[in-house]
file target25.cif (mmCIF, C-alpha atoms and all ligand atoms)
data_start
loop_
_atom_site.label_atom_id
_atom_site.label_comp_id
_atom_site.auth_asym_id
_atom_site.auth_seq_id
_atom_site.Cartn_x
_atom_site.Cartn_y
_atom_site.Cartn_z
CA MET A 1 -40.61 -5.15 30.82
CA ARG A 2 -39.52 -4.98 27.19
CA ILE A 3 -36.07 -5.83 25.89
CA THR A 4 -33.74 -2.83 26.00
CA ILE A 5 -31.01 -1.67 23.62
CA ASN A 6 -28.44 -2.43 26.34
CA GLN A 7 -29.57 -6.07 26.48
CA ILE A 8 -29.25 -6.29 22.68
CA LYS A 9 -25.73 -4.81 22.79
CA GLU A 10 -24.77 -7.22 25.60
CA MET A 11 -25.85 -10.15 23.41
CA LYS A 12 -23.10 -9.24 20.94
CA GLN A 13 -20.53 -9.05 23.73
CA LYS A 14 -21.61 -12.48 25.03
CA GLY A 15 -21.66 -13.99 21.54
CA GLU A 16 -25.38 -14.73 21.91
CA LYS A 17 -27.19 -14.75 18.54
CA ILE A 18 -29.92 -12.14 18.10
CA THR A 19 -33.21 -13.00 16.38
CA MET A 20 -35.34 -10.40 14.66
CA LEU A 21 -38.48 -10.93 12.62
CA THR A 22 -41.00 -8.65 10.96
CA ALA A 23 -44.65 -8.47 12.00
CA TYR A 24 -47.37 -6.18 10.76
CA ASP A 25 -50.53 -7.04 12.71
CA TYR A 26 -51.75 -7.76 16.25
CA THR A 27 -52.41 -11.50 15.90
CA THR A 28 -49.05 -12.32 14.33
CA ALA A 29 -47.14 -10.02 16.68
CA ARG A 30 -48.64 -11.86 19.70
CA ILE A 31 -47.32 -15.18 18.39
CA VAL A 32 -43.87 -13.77 17.59
CA ASP A 33 -43.68 -12.13 21.03
CA GLU A 34 -44.79 -15.29 22.85
CA VAL A 35 -42.06 -17.29 21.08
CA GLY A 36 -39.57 -14.86 22.66
CA ILE A 37 -38.17 -13.09 19.57
CA PRO A 38 -36.55 -9.99 21.14
CA LEU A 39 -36.70 -7.62 18.13
CA ILE A 40 -39.85 -7.15 16.05
CA LEU A 41 -39.53 -4.95 13.00
CA VAL A 42 -42.60 -3.34 11.53
CA GLY A 43 -40.79 -3.25 8.21
CA ASP A 44 -41.78 -1.11 5.26
CA SER A 45 -41.73 -4.50 3.48
CA LEU A 46 -45.39 -4.41 4.51
CA GLY A 47 -45.83 -2.34 1.37
CA MET A 48 -45.24 -5.47 -0.68
CA VAL A 49 -46.38 -8.37 1.53
CA VAL A 50 -49.42 -6.72 3.15
CA LEU A 51 -50.49 -3.82 0.92
CA GLY A 52 -49.61 -5.24 -2.51
CA TYR A 53 -47.37 -2.41 -3.72
CA GLU A 54 -44.57 -3.22 -6.17
CA SER A 55 -41.87 -1.87 -3.86
CA THR A 56 -41.46 -0.21 -0.46
CA ILE A 57 -41.34 3.25 -2.03
CA PRO A 58 -45.10 4.12 -1.90
CA VAL A 59 -45.38 3.30 1.83
CA THR A 60 -46.48 6.31 3.91
CA MET A 61 -46.00 7.36 7.54
CA GLU A 62 -49.73 6.88 8.19
CA GLU A 63 -49.60 3.28 6.92
CA MET A 64 -46.52 2.54 9.02
CA LEU A 65 -48.07 4.05 12.14
CA HIS A 66 -51.32 2.10 11.65
CA HIS A 67 -49.43 -1.22 11.59
CA THR A 68 -46.92 -0.22 14.29
CA LYS A 69 -49.77 0.47 16.74
CA ALA A 70 -51.28 -2.96 16.06
CA VAL A 71 -47.93 -4.70 16.63
CA VAL A 72 -47.30 -2.77 19.84
CA ARG A 73 -50.75 -3.77 21.14
CA GLY A 74 -49.90 -7.42 20.46
CA THR A 75 -46.55 -7.47 22.27
CA LYS A 76 -45.31 -7.38 25.86
CA GLN A 77 -41.62 -8.28 25.76
CA ALA A 78 -40.17 -7.52 22.35
CA MET A 79 -38.64 -4.22 21.31
CA VAL A 80 -40.84 -2.95 18.46
CA ILE A 81 -38.89 -1.11 15.77
CA GLY A 82 -40.72 1.15 13.32
CA ASP A 83 -39.22 1.35 9.83
CA MET A 84 -39.04 4.95 8.63
CA PRO A 85 -40.53 5.10 5.10
CA PHE A 86 -38.97 6.56 1.97
CA MET A 87 -38.36 10.34 2.16
CA THR A 88 -39.48 10.72 5.76
CA TYR A 89 -35.91 11.30 7.02
CA HIS A 90 -34.07 12.63 3.94
CA ILE A 91 -35.25 16.21 3.47
CA SER A 92 -34.01 17.73 6.74
CA VAL A 93 -32.93 16.86 10.26
CA ALA A 94 -36.13 18.52 11.51
CA GLU A 95 -38.33 16.21 9.41
CA ALA A 96 -36.32 13.15 10.43
CA LEU A 97 -36.78 14.08 14.11
CA LYS A 98 -40.48 14.80 13.70
CA ASN A 99 -41.16 11.48 11.95
CA ALA A 100 -38.97 9.40 14.29
CA ALA A 101 -40.84 10.95 17.21
CA ARG A 102 -44.20 9.97 15.68
CA PHE A 103 -43.17 6.29 15.72
CA ILE A 104 -42.43 6.55 19.45
CA GLN A 105 -45.16 8.93 20.56
CA GLU A 106 -48.10 7.88 18.35
CA GLY A 107 -47.03 4.40 17.28
CA GLY A 108 -45.76 3.25 20.67
CA ALA A 109 -42.55 1.78 19.14
CA GLN A 110 -39.36 1.64 21.17
CA ALA A 111 -36.95 2.31 18.27
CA VAL A 112 -36.81 3.30 14.61
CA LYS A 113 -34.84 1.95 11.65
CA LEU A 114 -33.60 3.93 8.69
CA GLU A 115 -31.66 3.08 5.54
CA GLY A 116 -28.28 4.53 4.60
CA GLY A 117 -24.71 4.97 5.82
CA VAL A 118 -22.44 8.01 5.83
CA THR A 119 -25.15 10.18 4.24
CA VAL A 120 -27.68 9.60 7.06
CA ALA A 121 -25.17 9.58 9.95
CA GLU A 122 -26.03 13.11 11.05
CA LYS A 123 -29.74 12.26 11.18
CA VAL A 124 -29.01 9.09 13.16
CA SER A 125 -26.99 11.10 15.65
CA ARG A 126 -29.67 13.80 16.07
CA ILE A 127 -32.47 11.24 16.53
CA VAL A 128 -30.38 9.37 19.12
CA ASP A 129 -29.69 12.71 20.88
CA CYS A 130 -33.45 13.05 21.33
CA GLY A 131 -33.52 9.73 23.19
CA ILE A 132 -34.84 7.59 20.33
CA PRO A 133 -32.90 4.37 19.68
CA VAL A 134 -31.95 3.94 16.01
CA MET A 135 -31.17 0.80 14.02
CA GLY A 136 -29.19 1.38 10.81
CA HIS A 137 -29.61 -0.52 7.53
CA ILE A 138 -26.97 -0.76 4.79
CA GLY A 139 -26.17 -2.95 1.80
CA LEU A 140 -29.23 -3.58 -0.33
CA THR A 141 -31.45 -0.72 0.79
CA PRO A 142 -34.80 -1.28 -0.95
CA GLN A 143 -35.84 2.38 -0.75
CA SER A 144 -32.92 3.16 -3.14
CA ILE A 145 -33.81 0.38 -5.56
CA HIS A 146 -33.88 2.68 -8.60
CA GLN A 147 -30.43 4.06 -7.73
CA LEU A 148 -29.04 0.57 -7.08
CA GLY A 149 -30.49 -0.73 -10.35
CA GLY A 150 -32.26 -3.77 -8.90
CA TYR A 151 -32.24 -6.20 -5.97
CA LYS A 152 -28.55 -7.17 -6.36
CA VAL A 153 -25.82 -8.32 -3.98
CA GLN A 154 -23.97 -5.23 -2.69
CA GLY A 155 -20.28 -4.73 -1.85
CA LYS A 156 -18.74 -7.10 -4.37
CA THR A 157 -16.00 -4.79 -5.70
CA PRO A 158 -13.16 -3.43 -3.51
CA GLU A 159 -14.63 0.11 -3.75
CA ALA A 160 -18.14 -1.03 -2.90
CA ALA A 161 -16.90 -3.20 -0.02
CA ASN A 162 -14.84 -0.32 1.41
CA LYS A 163 -17.84 1.99 1.11
CA LEU A 164 -19.98 -0.48 3.08
CA ILE A 165 -17.34 -0.74 5.82
CA LYS A 166 -17.26 3.09 6.06
CA ASP A 167 -21.07 3.24 6.09
CA ALA A 168 -21.26 0.71 8.93
CA GLN A 169 -18.65 2.60 10.94
CA ALA A 170 -20.41 5.94 10.37
CA VAL A 171 -23.78 4.58 11.53
CA ALA A 172 -22.18 2.94 14.59
CA GLU A 173 -20.28 6.14 15.48
CA ALA A 174 -23.47 8.15 15.07
CA GLY A 175 -24.96 6.16 17.95
CA ALA A 176 -27.11 3.46 16.34
CA PHE A 177 -27.62 0.47 18.67
CA ALA A 178 -27.53 -2.13 15.84
CA ILE A 179 -27.34 -2.27 12.05
CA VAL A 180 -29.01 -4.43 9.40
CA LEU A 181 -26.70 -5.75 6.65
CA GLU A 182 -28.87 -6.75 3.69
CA THR A 183 -27.69 -8.89 0.77
CA VAL A 184 -23.94 -8.53 1.14
CA PRO A 185 -21.36 -11.29 0.67
CA ALA A 186 -21.04 -13.39 3.83
CA PRO A 187 -17.27 -12.81 4.29
CA LEU A 188 -17.74 -9.02 4.05
CA ALA A 189 -20.58 -9.14 6.61
CA THR A 190 -18.31 -11.13 8.95
CA LEU A 191 -15.56 -8.52 8.53
CA ILE A 192 -17.97 -5.64 9.29
CA THR A 193 -19.28 -7.57 12.32
CA GLN A 194 -15.72 -7.84 13.65
CA ARG A 195 -14.90 -4.19 12.94
CA ILE A 196 -17.87 -2.47 14.62
CA SER A 197 -18.91 -2.55 18.26
CA ILE A 198 -22.68 -2.64 17.69
CA PRO A 199 -24.59 -5.82 16.69
CA THR A 200 -25.00 -6.58 12.99
CA ILE A 201 -28.29 -8.16 11.98
CA GLY A 202 -28.01 -9.95 8.65
CA ILE A 203 -30.52 -10.72 5.95
CA GLY A 204 -28.80 -12.49 3.10
CA ALA A 205 -25.47 -11.69 4.79
CA GLY A 206 -24.40 -15.10 6.07
CA ILE A 207 -23.85 -16.73 9.43
CA GLY A 208 -21.09 -14.38 10.61
CA CYS A 209 -23.51 -11.61 11.65
CA ASP A 210 -24.48 -11.14 15.31
CA GLY A 211 -28.11 -11.81 14.47
CA GLN A 212 -30.56 -12.52 11.67
CA VAL A 213 -33.73 -10.86 10.43
CA GLN A 214 -36.32 -12.22 8.02
CA VAL A 215 -39.63 -11.09 6.59
CA ILE A 216 -42.22 -13.26 8.35
CA ASN A 217 -44.22 -13.96 5.18
CA ASP A 218 -41.06 -15.37 3.56
CA ILE A 219 -40.27 -17.84 6.35
CA LEU A 220 -43.92 -18.90 6.70
CA GLY A 221 -44.36 -19.33 2.95
CA SER A 222 -47.45 -17.11 2.81
CA PHE A 223 -46.07 -14.68 0.19
CA THR A 224 -45.26 -16.68 -2.91
CA GLU A 225 -44.93 -14.04 -5.64
CA PHE A 226 -41.21 -13.86 -4.98
CA VAL A 227 -39.14 -15.96 -2.57
CA PRO A 228 -35.69 -14.42 -2.00
CA LYS A 229 -32.63 -16.70 -2.02
CA HIS A 230 -31.85 -15.74 1.60
CA ALA A 231 -35.24 -16.91 2.88
CA LYS A 232 -35.87 -20.42 4.18
CA GLN A 233 -39.49 -21.53 4.19
CA TYR A 234 -40.18 -23.14 7.58
CA ALA A 235 -43.81 -23.66 6.50
CA LYS A 236 -45.88 -23.43 3.34
CA LEU A 237 -48.79 -21.40 4.67
CA ALA A 238 -50.09 -20.32 1.26
CA GLY A 239 -50.94 -23.94 0.42
CA ILE A 240 -52.47 -24.62 3.86
CA MET A 241 -54.59 -21.44 3.62
CA SER A 242 -55.72 -22.20 0.09
CA SER A 243 -56.81 -25.72 1.03
CA ALA A 244 -58.75 -24.53 4.12
CA ILE A 245 -60.46 -21.74 2.13
CA THR A 246 -61.33 -24.22 -0.64
CA GLN A 247 -62.97 -26.58 1.90
CA TYR A 248 -65.00 -23.68 3.34
CA TYR A 249 -66.06 -22.60 -0.16
CA ASN A 250 -67.11 -26.14 -1.09
CA GLU A 251 -69.04 -26.73 2.15
CA VAL A 252 -70.99 -23.46 1.88
CA LYS A 253 -71.87 -24.26 -1.74
CA ALA A 254 -72.92 -27.81 -0.78
CA GLY A 255 -75.00 -26.61 2.20
CA SER A 256 -72.93 -28.65 4.67
CA PHE A 257 -71.63 -25.62 6.61
CA PRO A 258 -72.73 -24.52 9.18
CA THR A 259 -73.92 -27.57 11.12
CA ASP A 260 -75.73 -27.54 14.50
CA GLN A 261 -72.31 -27.30 16.11
CA GLN A 262 -71.74 -23.82 14.69
CA SER A 263 -75.39 -22.67 15.18
CA PHE A 264 -77.39 -21.26 18.11
CA SER A 265 -80.73 -22.63 19.34
CA MET A 266 -83.63 -20.77 20.99
CA ASP A 267 -86.50 -21.57 23.30
CA GLU A 268 -89.13 -23.63 21.35
CA SER A 269 -92.02 -21.78 23.03
CA ILE A 270 -90.75 -18.39 21.83
CA LEU A 271 -90.45 -19.77 18.34
CA ALA A 272 -93.99 -21.16 18.54
CA GLU A 273 -95.25 -17.68 19.62
CA LEU A 274 -93.49 -16.08 16.66
CA SER A 275 -94.99 -18.59 14.23
CA LYS A 276 -98.63 -17.78 15.25
O1 LIG B 1 -38.71 -3.72 5.62
C1 LIG B 1 -38.16 -4.73 6.07
O2 LIG B 1 -38.79 -5.75 6.35
C2 LIG B 1 -36.72 -4.66 6.27
C3 LIG B 1 -36.02 -5.93 6.59
C4 LIG B 1 -35.91 -6.75 5.37
C5 LIG B 1 -34.70 -5.70 7.23
O3 LIG B 1 -36.15 -3.63 6.16
#

call {"tool": "encode", "arguments": {"input": "target25.cif", "output": "structure tokens"}}
result
Amino acid sequence: MRITINQIKEMKQKGEKITMLTAYDYTTARIVDEVGIPLILVGDSLGMVVLGYESTIPVTMEEMLHHTKAVVRGTKQAMVIGDMPFMTYHISVAEALKNAARFIQEGGAQAVKLEGGVTVAEKVSRIVDCGIPVMGHIGLTPQSIHQLGGYKVQGKTPEAANKLIKDAQAVAEAGAFAIVLETVPAPLATLITQRISIPTIGIGAGIGCDGQVQVINDILGSFTEFVPKHAKQYAKLAGIMSSAITQYYNEVKAGSFPTDQQSFSMDESILAELSK
């Protein structure tokens, strides 16, 4: 049985911290699930860390569904959340519903996430009305990077902070079961966490949030082009991978791989027949 939205909401009430992590493929999702992480986000961050795009903007529904299916196949307990890509929920309520439904019906996800506050509240409410759990996402919303003018801390002025509080309230009132707060000052995130009834999941939003989310490549140190300030590297996988691949390269070149241990033998008499 997978984690439910009610269990996630109860964690806030009990003061139990919520852990969320991204995953994009079957093998990684299995490990994350076996550790017991309750929320796995198939984030559109895959555009950058898996597909090599410059931002999340080029990511398509088909790419998201492809990775969501793999993550779902690799998990038994976690709630898998599909991240709705840029412009798949903006044009109309009908399109938002159709694309949210694809994550559930084709992708096998249990919930969707979408970026925005007051302006997407109606879409959140209509998706929830269809029985699809929604996670909100405010603060630094990477799909609006051109409008925001860069990957900057959000909510630093009184107006911007008030806007974020209103956005969080609108998303919560629309029926979202949780909300991501990305790159906002820690005291503001704490205030929002106290003001709304649904769990806040922070990324670069300090310790006062109900939970935390990170991009898995950042915490494993496998994506080194850019390491955000909010990410802590619990491993340096890029270095470990590079050294293993270098050893393989060198051994193939030197003729020392494979050895008998990695090879298969055959009956000598059959070989003798073939050599006649
Ligand atoms: O796409 C993503 O990975 C995200 C998280 C950073 C919250 O939206």

call {"tool": "closest_atom_pairs", "arguments": {"input": "target25.cif", "of": "chain A", "to": "ligand LIG 1 (chain B)", "cutoff": "9 Å", "atoms": "all atoms listed in the file", "output": "tab-separated table"}}
result
residue	atom	partner	partner_atom	distance
A:Met20	CA	B:LIG1	C5	8.8
A:Leu21	CA	B:LIG1	O2	8.1
A:Thr22	CA	B:LIG1	O2	5.9
A:Ala23	CA	B:LIG1	O2	8.6
A:Leu41	CA	B:LIG1	O2	6.7
A:Val42	CA	B:LIG1	O2	6.9
A:Gly43	CA	B:LIG1	O1	3.4
A:Asp44	CA	B:LIG1	O1	4.0
A:Ser45	CA	B:LIG1	O1	3.8
A:Leu46	CA	B:LIG1	O1	6.8
A:Gly47	CA	B:LIG1	O1	8.4
A:Thr56	CA	B:LIG1	O1	7.5
A:Asp83	CA	B:LIG1	O1	6.6
A:Lys113	CA	B:LIG1	O3	7.9
A:Leu114	CA	B:LIG1	O3	8.4
A:Glu115	CA	B:LIG1	O3	8.1
A:His137	CA	B:LIG1	C5	7.3
A:Thr141	CA	B:LIG1	O3	7.7
A:Pro142	CA	B:LIG1	O3	7.6
A:Val180	CA	B:LIG1	C5	6.2
A:Leu181	CA	B:LIG1	C5	8.0
A:Glu182	CA	B:LIG1	C5	6.9
A:Ile201	CA	B:LIG1	C5	8.3
A:Gly202	CA	B:LIG1	C5	8.1
A:Ile203	CA	B:LIG1	C5	6.7
A:Val213	CA	B:LIG1	C5	6.1
A:Gln214	CA	B:LIG1	C4	6.1
A:Val215	CA	B:LIG1	O2	5.4
A:Ile216	CA	B:LIG1	O2	8.5

call {"tool": "residues_around", "arguments": {"input": "target25.cif", "residues": "Gln105 of chain A", "least_positions_apart": "4", "cutoff": "12 Å", "atoms": "only C-alpha atoms", "output": "JSON, numbers by chain"}}
result
{"A": [65, 68, 69, 72, 82, 97, 98, 99, 100, 101, 109, 110, 111, 112, 131, 132]}

call {"tool": "axis_aligned_box", "arguments": {"input": "target25.cif", "around": "segment 207-212 of chain A", "padding_each_side": "5 Å", "output": "AutoDock Vina command-line options"}}
result
--center_x -25.8 --center_y -13.9 --center_z 12.4 --size_x 19.5 --size_y 15.6 --size_z 15.9

call {"tool": "closest_residue", "arguments": {"input": "target25.cif", "among": "A:Val184, A:Ala178, A:Gly239, A:Phe264", "to": "Lys9 of chain A", "atoms": "all atoms listed in the file"}}
result
A:Ala178

call {"tool": "atom_distance", "arguments": {"input": "target25.cif", "atom1": "atom CA of Glu16 of chain A", "atom2": "atom CA of Ile219 of chain A"}}
result
21.8 Å

call {"tool": "decode", "arguments": {"input": "target25.cif", "residues": "segment 98-203 of chain A", "atoms": "C-alpha atoms", "output": "mmCIF file, in the first residue's frame"}}
result
data_model
loop_
_atom_site.group_PDB
_atom_site.id
_atom_site.type_symbol
_atom_site.label_atom_id
_atom_site.label_comp_id
_atom_site.auth_asym_id
_atom_site.auth_seq_id
_atom_site.Cartn_x
_atom_site.Cartn_y
_atom_site.Cartn_z
ATOM 1 C CA LYS A 98 -6.418 16.381 -19.535
ATOM 2 C CA ASN A 99 -2.693 16.539 -18.772
ATOM 3 C CA ALA A 100 -3.080 15.898 -15.021
ATOM 4 C CA ALA A 101 -5.177 12.848 -15.903
ATOM 5 C CA ARG A 102 -2.436 11.540 -18.213
ATOM 6 C CA PHE A 103 0.026 11.468 -15.296
ATOM 7 C CA ILE A 104 -2.400 9.314 -13.305
ATOM 8 C CA GLN A 105 -3.879 7.163 -16.056
ATOM 9 C CA GLU A 106 -0.878 6.611 -18.362
ATOM 10 C CA GLY A 107 2.014 7.413 -16.027
ATOM 11 C CA GLY A 108 0.663 5.577 -12.984
ATOM 12 C CA ALA A 109 1.496 8.520 -10.653
ATOM 13 C CA GLN A 110 -0.583 9.141 -7.545
ATOM 14 C CA ALA A 111 -0.403 12.960 -7.642
ATOM 15 C CA VAL A 112 0.718 15.898 -9.776
ATOM 16 C CA LYS A 113 2.643 19.073 -8.965
ATOM 17 C CA LEU A 114 2.246 22.421 -10.655
ATOM 18 C CA GLU A 115 3.888 25.819 -10.255
ATOM 19 C CA GLY A 116 2.095 29.026 -9.298
ATOM 20 C CA GLY A 117 -0.133 30.596 -6.657
ATOM 21 C CA VAL A 118 -3.286 32.688 -6.986
ATOM 22 C CA THR A 119 -3.176 32.463 -10.792
ATOM 23 C CA VAL A 120 -3.339 28.639 -10.868
ATOM 24 C CA ALA A 121 -5.727 28.209 -7.910
ATOM 25 C CA GLU A 122 -8.740 27.536 -10.119
ATOM 26 C CA LYS A 123 -6.864 24.819 -12.011
ATOM 27 C CA VAL A 124 -5.710 23.247 -8.734
ATOM 28 C CA SER A 125 -9.290 23.180 -7.499
ATOM 29 C CA ARG A 126 -10.673 21.633 -10.712
ATOM 30 C CA ILE A 127 -7.955 18.949 -10.826
ATOM 31 C CA VAL A 128 -8.607 18.086 -7.156
ATOM 32 C CA ASP A 129 -12.358 17.929 -7.937
ATOM 33 C CA CYS A 130 -11.549 15.181 -10.432
ATOM 34 C CA GLY A 131 -9.944 13.134 -7.650
ATOM 35 C CA ILE A 132 -6.315 13.909 -8.515
ATOM 36 C CA PRO A 133 -4.161 15.034 -5.570
ATOM 37 C CA VAL A 134 -2.211 18.230 -6.317
ATOM 38 C CA MET A 135 0.999 19.565 -4.786
ATOM 39 C CA GLY A 136 1.562 23.315 -5.248
ATOM 40 C CA HIS A 137 4.912 25.034 -5.849
ATOM 41 C CA ILE A 138 5.623 28.716 -5.164
ATOM 42 C CA GLY A 139 8.627 30.972 -4.646
ATOM 43 C CA LEU A 140 11.313 30.362 -7.239
ATOM 44 C CA THR A 141 9.276 28.648 -9.933
ATOM 45 C CA PRO A 142 11.797 27.579 -12.591
ATOM 46 C CA GLN A 143 9.215 27.459 -15.399
ATOM 47 C CA SER A 144 8.865 31.275 -15.001
ATOM 48 C CA ILE A 145 12.604 31.889 -14.988
ATOM 49 C CA HIS A 146 12.464 34.491 -17.763
ATOM 50 C CA GLN A 147 9.730 36.418 -15.930
ATOM 51 C CA LEU A 148 11.608 36.188 -12.609
ATOM 52 C CA GLY A 149 14.847 37.329 -14.247
ATOM 53 C CA GLY A 150 17.042 34.515 -12.943
ATOM 54 C CA TYR A 151 17.369 31.937 -10.166
ATOM 55 C CA LYS A 152 17.039 34.468 -7.311
ATOM 56 C CA VAL A 153 15.722 34.335 -3.747
ATOM 57 C CA GLN A 154 12.003 35.234 -3.805
ATOM 58 C CA GLY A 155 9.882 37.166 -1.287
ATOM 59 C CA LYS A 156 12.524 39.545 0.040
ATOM 60 C CA THR A 157 10.483 42.776 -0.128
ATOM 61 C CA PRO A 158 7.280 43.342 1.911
ATOM 62 C CA GLU A 159 5.178 43.234 -1.301
ATOM 63 C CA ALA A 160 6.837 40.071 -2.562
ATOM 64 C CA ALA A 161 6.558 38.384 0.844
ATOM 65 C CA ASN A 162 2.853 39.288 1.110
ATOM 66 C CA LYS A 163 2.274 37.969 -2.400
ATOM 67 C CA LEU A 164 3.882 34.640 -1.462
ATOM 68 C CA ILE A 165 1.715 34.354 1.666
ATOM 69 C CA LYS A 166 -1.400 34.984 -0.479
ATOM 70 C CA ASP A 167 -0.203 32.471 -3.083
ATOM 71 C CA ALA A 168 0.317 29.792 -0.426
ATOM 72 C CA GLN A 169 -3.127 30.443 1.061
ATOM 73 C CA ALA A 170 -4.791 30.343 -2.374
ATOM 74 C CA VAL A 171 -3.180 27.006 -3.265
ATOM 75 C CA ALA A 172 -4.093 25.533 0.140
ATOM 76 C CA GLU A 173 -7.692 26.781 -0.133
ATOM 77 C CA ALA A 174 -7.924 25.353 -3.650
ATOM 78 C CA GLY A 175 -7.391 21.900 -2.152
ATOM 79 C CA ALA A 176 -3.697 21.108 -2.665
ATOM 80 C CA PHE A 177 -2.443 18.495 -0.172
ATOM 81 C CA ALA A 178 1.034 20.090 0.191
ATOM 82 C CA ILE A 179 3.081 22.922 -1.274
ATOM 83 C CA VAL A 180 6.736 23.316 -2.261
ATOM 84 C CA LEU A 181 8.411 26.569 -1.148
ATOM 85 C CA GLU A 182 11.503 27.078 -3.303
ATOM 86 C CA THR A 183 14.297 29.548 -2.534
ATOM 87 C CA VAL A 184 12.517 31.836 -0.102
ATOM 88 C CA PRO A 185 14.005 33.343 3.075
ATOM 89 C CA ALA A 186 13.843 30.856 5.952
ATOM 90 C CA PRO A 187 11.835 33.142 8.305
ATOM 91 C CA LEU A 188 9.203 33.743 5.599
ATOM 92 C CA ALA A 189 8.920 29.985 4.930
ATOM 93 C CA THR A 190 8.430 29.413 8.674
ATOM 94 C CA LEU A 191 5.680 32.047 8.732
ATOM 95 C CA ILE A 192 3.893 30.469 5.745
ATOM 96 C CA THR A 193 4.241 27.030 7.381
ATOM 97 C CA GLN A 194 2.499 28.371 10.493
ATOM 98 C CA ARG A 195 -0.232 30.146 8.523
ATOM 99 C CA ILE A 196 -1.422 27.307 6.264
ATOM 100 C CA SER A 197 -2.923 23.970 7.239
ATOM 101 C CA ILE A 198 -1.233 21.868 4.546
ATOM 102 C CA PRO A 199 2.416 20.699 4.742
ATOM 103 C CA THR A 200 5.108 22.951 3.293
ATOM 104 C CA ILE A 201 8.006 21.191 1.607
ATOM 105 C CA GLY A 202 11.056 23.432 1.398
ATOM 106 C CA ILE A 203 13.959 23.571 -1.004
#
